[in-house]
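Okay, so here's the structure we're looking at.
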Amino acid sequence: MVKRKYRLDENADDPSLSGRLPARLSRPSTRFKRRGSSILQIQADVGSLGVLPLEVIHCILQQLDIASLVRLKCTSKGIERAVRSLPKLDAIELCAPDVLRAIWASKTASLILCSDLYEKLCRPNCFMCNTQPGTYLYLLSCHRVCKNCLLLKQRYLPLRPSQACNQFALSMHEVKQLPSLRVPRYSPRARWIRCRGQAVKQRNTTRWVLIDREVVLREKLRLDHAKGLIDCRVFERETLKQVAQLHDKALDRGTAAMPFKLPTEYSYSAAVLFPWLDRATQNVGAPVKCRACRFASKRAEILAFYCETGLKDHVKKYGRIVDGEHLKPDSTQASR
């Protein structure tokens with residue numbers, strides 16, 4: 001019997017949920033290779049879905065959330081084969097296995113659709129600013145965000161139930177009905193690193209219940225509309241207005257003398273490191289920008305994102321970076 005060993009990822013000190021759940025035995029490959037899916041016998045043990053083509057079955061199942069797919073696999077072996085043969089779920093399991101572990105440990109599997117998660121997996125840029133590479137996945141809304149937006153935008157500052165009651169004048173019973181996230185405990189290895197003082201020190205948020213701020217805002221406006229406090233025509237306009245203000249509002253993190261007045265553990269406890277699947281090159285890794293091309297205006301790759309492998313190929317094509325610019329190798333050296 002082979003003994004399974006836990007090995008830390010290269011981002012063991014990350015303050016997000018990725019630091020609580022270290023990587024498993026093997027690190028995910030930097031090259032995506034689709035596994036051969038098992039042959040689905042449509043007429044066998046899939047119930048009324050047997051009259052549909054395989055492509056239609058995949059389209060239906062991929063619109064379900066992660067928790068529903070897990071429960072659906074337990075119904076019959078035919079449905080289990082149908083779920084395991086989903087191409088989008090297969091790509092997520094191969095490219096981002098630790099993200100699925102974090103989703104399941106934080107009890108947010110019922111909030112994230114399989115198709116939405118795959119769409120974010122193939123999208124490198126931040127959902128909010130749309131210009132920077134998004135390295136985190138905000139679990140409460142399934143948004144890929146960059147570090148600056150995660151920490152500086154009020155949209156991604158979740159609330160605890162007591163804070164939601166105080167700030168939006170809701171009862172605890174109404175708040176508990178909203179979808180939430182429960183911060184998982186540290187794994188044994190991550191707990192050992194935290195106690196040894198090697199990780200980034202921050203407030204311990206284990207077992208905290210966090211609620212998305214936008215969800216609380218929409219629920220507050222919906223209840224006011226149900227009570228007759230807001231007119232029906234004003235309700236939709238007011239909802240769009242306040243949600244837009246929430247997206248644009250930035251947090252005051254203090255000055256250089258007193259930085260980070262607001263704690264960052266709220267945002268980090270609802271986020272996890274999220275790789276990017278480049279479907280053009282089939283590379284998997286954290287999205288980055290070339291620091292020589294991002295300020296250029298003549299090159300077509302100004303908005304291009306790269307994985308670690310893709311960036312090496314890009315530098316090999318345009319030359320190494322010196323003083324923020326590509327240094328094209330001489331033709332004589334290239335011929336050699």
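In the structure tokens, chains take letters A, B, ... by order of appearance, with residues numbered from 1 within each chain and ligands from 1 in the order shown.
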
Just the alpha helix (DSSP H) stuff from range 151-190 of chain A, please, per backbone DSSP, written as a PyMOL selection string. chain A and resi 151-152+161-168+172-176+188-190

Now that the selection is made, can you save its residues with N, CA, C and O atoms as a short mmCIF file (atom, residue, chain, number, x, y, z; two decimals), in the first residue's frame?
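That gives us out.cif:
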```cif
data_model
loop_
_atom_site.label_atom_id
_atom_site.label_comp_id
_atom_site.auth_asym_id
_atom_site.auth_seq_id
_atom_site.Cartn_x
_atom_site.Cartn_y
_atom_site.Cartn_z
N LEU A 151 -8.63 43.41 -2.81
CA LEU A 151 -8.39 44.09 -1.54
C LEU A 151 -8.91 45.51 -1.50
O LEU A 151 -9.15 46.04 -0.41
N LEU A 152 -9.07 46.16 -2.65
CA LEU A 152 -9.40 47.58 -2.67
C LEU A 152 -10.83 47.88 -3.09
O LEU A 152 -11.26 49.04 -2.97
N PRO A 161 -22.57 37.59 9.44
CA PRO A 161 -24.01 37.78 9.65
C PRO A 161 -24.35 38.96 10.56
O PRO A 161 -25.29 39.71 10.28
N SER A 162 -23.61 39.16 11.62
CA SER A 162 -23.89 40.28 12.51
C SER A 162 -23.63 41.62 11.82
O SER A 162 -24.37 42.59 12.03
N GLN A 163 -22.60 41.68 10.99
CA GLN A 163 -22.33 42.92 10.25
C GLN A 163 -23.41 43.20 9.22
O GLN A 163 -23.79 44.35 9.01
N ALA A 164 -23.93 42.16 8.57
CA ALA A 164 -25.01 42.35 7.61
C ALA A 164 -26.27 42.87 8.30
O ALA A 164 -26.99 43.72 7.75
N CYS A 165 -26.54 42.38 9.49
CA CYS A 165 -27.71 42.87 10.24
C CYS A 165 -27.56 44.33 10.62
O CYS A 165 -28.51 45.12 10.52
N ASN A 166 -26.37 44.73 11.05
CA ASN A 166 -26.17 46.10 11.51
C ASN A 166 -26.11 47.09 10.35
O ASN A 166 -26.68 48.19 10.44
N GLN A 167 -25.46 46.73 9.26
CA GLN A 167 -25.27 47.68 8.18
C GLN A 167 -26.49 47.81 7.27
O GLN A 167 -26.70 48.87 6.68
N PHE A 168 -27.30 46.77 7.16
CA PHE A 168 -28.45 46.80 6.25
C PHE A 168 -29.79 46.66 6.96
O PHE A 168 -30.81 46.50 6.29
N MET A 172 -31.66 38.62 11.88
CA MET A 172 -30.77 37.48 11.77
C MET A 172 -31.42 36.33 11.00
O MET A 172 -30.76 35.60 10.26
N HIS A 173 -32.72 36.20 11.14
CA HIS A 173 -33.43 35.15 10.39
C HIS A 173 -33.36 35.41 8.89
O HIS A 173 -33.18 34.47 8.11
N GLU A 174 -33.49 36.64 8.47
CA GLU A 174 -33.41 36.96 7.04
C GLU A 174 -32.00 36.78 6.51
O GLU A 174 -31.80 36.33 5.37
N VAL A 175 -30.99 37.09 7.32
CA VAL A 175 -29.61 36.97 6.88
C VAL A 175 -29.21 35.50 6.74
O VAL A 175 -28.50 35.12 5.80
N LYS A 176 -29.69 34.65 7.64
CA LYS A 176 -29.33 33.24 7.60
C LYS A 176 -29.92 32.52 6.39
O LYS A 176 -29.48 31.41 6.06
N PRO A 188 -3.45 19.91 8.39
CA PRO A 188 -2.39 19.71 9.40
C PRO A 188 -1.07 20.34 9.01
O PRO A 188 -0.38 20.94 9.85
N ARG A 189 -0.69 20.21 7.74
CA ARG A 189 0.58 20.78 7.30
C ARG A 189 0.55 22.30 7.32
O ARG A 189 1.50 22.95 7.77
N ALA A 190 -0.54 22.90 6.85
CA ALA A 190 -0.64 24.36 6.85
C ALA A 190 -0.71 24.90 8.27
O ALA A 190 -0.18 25.97 8.57
#
```

If you run DSSP on the backbone, which residues of range 39-260 of chain A are strand (DSSP E or B), as an MDAnalysis selection string? chainID A and resid 65 113 125 133 136:138 143:145 153 159 180:182 209:211 250 254 259

Under the rule that only C-alpha atoms are counted, which of A:Ser48, A:Gln282, A:Gln63, A:Thr108 is the nearest residue to Ile79 in chain A? A:Ser48

Residue nearest Cys293 in chain A among A:Ala82, A:Ile92, A:Leu72, A:Leu327 (counting only C-alpha atoms):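 Of all the options, A:Leu327 lies closest to Cys293 in chain A.
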
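Between CA of Leu117 in chain A and CA of Thr281 in chain A lies a distance of 19.7 Å.
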
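Of the listed residues A:Ile66, A:Cys307, A:Val83, A:Ile193, the one whose atoms come nearest to Pro133 in chain A is A:Cys307, with distances taken using only C-alpha atoms.
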
May I have the residues within 12 Å of Arg185 in chain A as a list in words, using only C-alpha atoms and disregarding those fewer than 5 positions away in the same chain?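 These residues fall inside the cut-off: Leu17, Ser18, Gly19, Arg20, Leu21, Pro22, Ala102, Ala105, Ser106, Ala190, Arg191, Asn204, Thr205, Thr206, Arg207, Trp208 and Ser269 of chain A.
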
Counting only C-alpha atoms, the residue of A:Tyr318, A:Phe127, A:Tyr306, A:Tyr156 that sits nearest Trp276 in chain A: A:Tyr306

Interatomic distance between CA of Ala169 in chain A and CA of Leu137 in chain A?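 Computing it gives 29.1 Å between the two atoms.
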
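If you count only C-alpha atoms and ignore residues fewer than 4 places along the chain from His225 in chain A, what sits within 12 Å of it is Arg218, Glu219, Lys220, Leu221, Leu229, Ile230, Asp231, Cys232, Arg233, Val234, Phe235, Glu236, Glu238 and Thr239 of chain A.
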
Go ahead and write the selection's residues with C-alpha atoms as a PDB file, in the first residue's frame.
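The resulting again_6.pdb:
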```pdb
ATOM      1  CA  ARG A 218     -30.155  43.045  -3.269  1.00  0.00           C
ATOM      2  CA  GLU A 219     -32.028  41.252  -0.484  1.00  0.00           C
ATOM      3  CA  LYS A 220     -32.440  44.527   1.416  1.00  0.00           C
ATOM      4  CA  LEU A 221     -33.921  46.244  -1.642  1.00  0.00           C
ATOM      5  CA  LEU A 229     -41.358  51.040   0.791  1.00  0.00           C
ATOM      6  CA  ILE A 230     -40.089  51.182  -2.808  1.00  0.00           C
ATOM      7  CA  ASP A 231     -42.287  51.593  -5.852  1.00  0.00           C
ATOM      8  CA  CYS A 232     -42.160  48.886  -8.520  1.00  0.00           C
ATOM      9  CA  ARG A 233     -40.782  51.261 -11.170  1.00  0.00           C
ATOM     10  CA  VAL A 234     -38.201  52.647  -8.787  1.00  0.00           C
ATOM     11  CA  PHE A 235     -37.132  49.201  -7.545  1.00  0.00           C
ATOM     12  CA  GLU A 236     -35.231  48.088 -10.662  1.00  0.00           C
ATOM     13  CA  GLU A 238     -32.578  51.781  -7.577  1.00  0.00           C
ATOM     14  CA  THR A 239     -31.136  48.258  -7.606  1.00  0.00           C
TER      15      THR A 239
END
```

Using CA of Glu119 in chain A and CA of Trp104 in chain A as the two end points, give the distance in Å to one decimal.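 Those two atoms sit 18.9 Å apart.
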